[in-house]
Amino acid sequence: MKKVRVRFAPSPTGYLHIGGARTALFNWLFAKKYNGSLILRIEDTDTERLKEDSVSQILSSLKWLGIDWDEGPEKGGDFGPYFQSQRQELYTKAAQTLLKENKAYHCFCSVEDIEEERQKQRQEGTPFRYPGKCRNLSPEEVKARLEQGLSSVIRIIGPDAGQVLVEDIIRGPVSFESEQFDDFIIMKSNGTPAYNFACVVDDNAMQISHVIRAEEHLSNTPKQCLIYRALEYEIPLFAHLSMILAPDRSKLSKRHGATAVGEFQEMGCLPEALVNYLTLLGWSPLEEQSEIISPAQTIPSFSLEKVSKTAAVYDVQKLIWLNGQYMTTYDLESLTLQTIPFFIQAGLITSLEVGEKREYIRDVVSTVRERVRTLGELAEASRYFFQDIVSYDEKGLEKYFLKQEGVEALLAKGRECLTTLDRFDVESVESAYRQLMDDLKIKGGVIIHPTRLALTGRTVSPGLFEVMALLGKRKCLERLDKAIELIRISFEKD
RNA sequence: GGCCCCAUGGUCAAGCGGCUAAGACGUCGCCUUCUCAAGGCGAAAUCAGGGGUUCGAUUCCCCUUGGGGCUACCA
């Protein structure tokens, strides 16, 4: 088998969204499986739609996901440059070749002329095809017009009969009637190549063996095949990945909430979880494999033949669930590292405090992580470990502080038993409280719930004794005092 | 409109002529429990419709319907 060389070729017109990320991922998995190379190529021929920073955003999203490339921006390689805007010569040369061989021609029709023709044909109900007006211009005529400085595009001469057959690894053979292809534009009037042309020239020059891309390009493929043929290039293998759709089955867009990789990052997804989720979108593990699967486990059994033909609606819930799974099993140190920015963002710590509080932060992460699903949630659920209680959960306040008989005395008893403790770890605190419950002949919940409310301001938290140990004796006593005081005052008012 | 692709529960999906049609998320019960998660057990829920082919179709073919894509001097 020929050396596997695949490419991911984003257009820098915006952020990397999950569809693009999935395409990149599948290319990457495929390259890894066959020990091939992944080439990253930036398709920046449309200068008008370029977005500032887009390239760096895309690169950083890919890096964050752990999808690395063997050749491309920041890496270089033997087939560079990897920006189409820097490969102009290649396209010009290829177009000249076609011109010379009479497989393409200059067309001087104006955009207006074409538009008029388009309207006319639409009214007649026929699909638009360029009528070929400039096809038979004499060389002299062309030369003269060019010298006059008339604006022109270059069109390839389309086939007039037969079929174009595209062999797709995922879909099998797909055939198109040649007659539907007109003399389409390969070089725009500003001298830059049209997408289909640049793509073919580059895939050939970069010796791409497999073109793995989104399904939206399937209809472009016969045109590209025509170009391959004209240029006498060898045609690579194609694999068109089905689209990823928004929950309403429409094309992904900003109005569908988070769709950009960066947005998932910001809400506190772990890159491994997103990659795992994306892996499952269109590909499924072997029966004996878990759905919680790392690329290393995916690669050996990955194959394009197994990729689904059906468009997939993405489901944030499953992604979030996966993320929660990763949260609990993740390496504690790296989880802590990734959590810190979220703590800072939430105002729990300042960046200056990171060093001194590092261990405490890690301990908080360690106890809170298994009941939250994202880093964002983790930060929110950790607030009372860093900040004093400013308010109590409303329902909890009612139920445990105001309506529960003798709660004030109960909290005081708890407080008292804490003061006697020398050690303040989970075991010591718990056994002290268990003893108290025995003495008082009460069930755990009776004292645990109000105490939780006093210490966290919430009705939901990790195990109470873990919370206490982590908070430390001083804070526990303070917060109990504060709660006792609050309860006293509200009863005096009555 | 034309051309192309696709069609299994709400979602991701396994299946590739004969199965009580896997599994996961979600939903709903129950268990466990100091709350919430997690975990365990269980339940409801799918072959879009119609024709063929065949002894037999979720599976193969055709039509309809639905969804998506392309139809640009966007990629």
# chains A, B, ... in the order shown; residues from 1 in each chain; ligands from 1
call {"tool": "residues_around", "arguments": {"residues": "B:A45", "least_positions_apart": "2", "cutoff": "10 Å", "atoms": "only C-alpha atoms (C1' of nucleotides)", "output": "MDAnalysis selection string"}}
result
chainID B and resid 9:10 27 43
call {"tool": "select_by_dssp", "arguments": {"residues": "stretch 159-303 of chain A", "states": "helix (DSSP H, G or I)", "output": "ChimeraX atom specification"}}
result
/A:178-180,195-205,215-231,254-256,261-267,271-280,295-301
call {"tool": "residues_around", "arguments": {"residues": "stretch 79-90 of chain A", "least_positions_apart": "5", "cutoff": "7 Å", "atoms": "only C-alpha atoms (C1' of nucleotides)", "output": "PyMOL selection string"}}
result
chain A and resi 41-45+72-73+192+206
call {"tool": "closest_residue", "arguments": {"among": "A:Gln123, A:Thr310, A:Ser431, A:Asn35", "to": "chain B", "atoms": "only C-alpha atoms (C1' of nucleotides)"}}
result
A:Thr310
call {"tool": "interface_residues", "arguments": {"of": "chain A", "to": "chain B", "cutoff": "6 Å", "atoms": "only C-alpha atoms (C1' of nucleotides)", "output": "number ranges by chain"}}
result
A: 127, 188, 216, 219, 310, 318, 371, 445, 448, 459-460
call {"tool": "atom_distance", "arguments": {"atom1": "atom CA of A:Met468", "atom2": "atom CA of A:Ala432"}}
result
12.0 Å
call {"tool": "atom_distance", "arguments": {"atom1": "atom CA of A:Ser428", "atom2": "atom CA of A:Glu466"}}
result
10.7 Å
call {"tool": "residues_around", "arguments": {"residues": "A:Ala412", "least_positions_apart": "6", "cutoff": "12 Å", "atoms": "only C-alpha atoms (C1' of nucleotides)", "output": "PyMOL selection string"}}
result
chain A and resi 406+418-419+436+447+450-451+454+476-485+487-488
call {"tool": "atom_distance", "arguments": {"atom1": "atom CA of A:Glu359", "atom2": "atom CA of A:Val390"}}
result
25.0 Å
call {"tool": "select_by_dssp", "arguments": {"residues": "stretch 236-345 of chain A", "states": "strand (DSSP E)", "output": "PyMOL selection string"}}
result
chain A and resi 237-241+244-245+312-313
call {"tool": "closest_residue", "arguments": {"among": "A:Lys403, A:Lys51, A:Leu471, A:Ser391", "to": "A:Phe424", "atoms": "only C-alpha atoms"}}
result
A:Leu471
call {"tool": "residues_around", "arguments": {"residues": "stretch 118-120 of chain A", "least_positions_apart": "5", "cutoff": "10 Å", "atoms": "only C-alpha atoms (C1' of nucleotides)", "output": "ChimeraX atom specification"}}
result
/A:112-113,125-131
call {"tool": "write_last_selection", "arguments": {"atoms": "N, CA and C atoms", "output": "short mmCIF file (atom, residue, chain, number, x, y, z; two decimals), in the first residue's frame"}}
result
data_model
loop_
_atom_site.label_atom_id
_atom_site.label_comp_id
_atom_site.auth_asym_id
_atom_site.auth_seq_id
_atom_site.Cartn_x
_atom_site.Cartn_y
_atom_site.Cartn_z
N GLU A 112 -22.38 40.24 -14.63
CA GLU A 112 -23.74 40.64 -14.98
C GLU A 112 -24.28 39.76 -16.11
N ASP A 113 -23.43 39.55 -17.12
CA ASP A 113 -23.85 38.70 -18.24
C ASP A 113 -24.28 37.33 -17.73
N GLY A 125 -36.60 26.95 -16.49
CA GLY A 125 -36.63 25.76 -15.65
C GLY A 125 -35.48 24.81 -15.89
N THR A 126 -34.46 25.25 -16.58
CA THR A 126 -33.32 24.38 -16.78
C THR A 126 -32.22 24.76 -15.81
N PRO A 127 -31.44 23.81 -15.42
CA PRO A 127 -30.35 24.12 -14.48
C PRO A 127 -29.32 24.99 -15.19
N PHE A 128 -28.68 25.84 -14.44
CA PHE A 128 -27.73 26.76 -15.07
C PHE A 128 -26.47 26.06 -15.55
N ARG A 129 -26.13 26.37 -16.78
CA ARG A 129 -24.84 25.94 -17.30
C ARG A 129 -24.28 27.11 -18.07
N TYR A 130 -23.00 27.32 -17.93
CA TYR A 130 -22.39 28.39 -18.70
C TYR A 130 -22.50 28.03 -20.18
N PRO A 131 -23.05 28.93 -20.98
CA PRO A 131 -23.33 28.59 -22.37
C PRO A 131 -22.10 28.42 -23.27
#
call {"tool": "residues_around", "arguments": {"residues": "stretch 52-58 of chain B", "least_positions_apart": "6", "cutoff": "12 Å", "atoms": "only C-alpha atoms (C1' of nucleotides)", "output": "JSON, numbers by chain"}}
result
{"B": [7, 8, 15, 16, 17, 18, 19, 21, 46]}
call {"tool": "closest_residue", "arguments": {"among": "A:Glu74, A:Glu408, A:Asp160, A:Glu416", "to": "A:Leu226", "atoms": "only C-alpha atoms"}}
result
A:Asp160
call {"tool": "residues_around", "arguments": {"residues": "A:Gly66", "least_positions_apart": "4", "cutoff": "12 Å", "atoms": "only C-alpha atoms (C1' of nucleotides)", "output": "JSON, numbers by chain"}}
result
{"A": [21, 24, 25, 28, 29, 59, 60, 61, 62, 270, 271, 272, 273, 274, 275, 276, 294, 295, 296]}
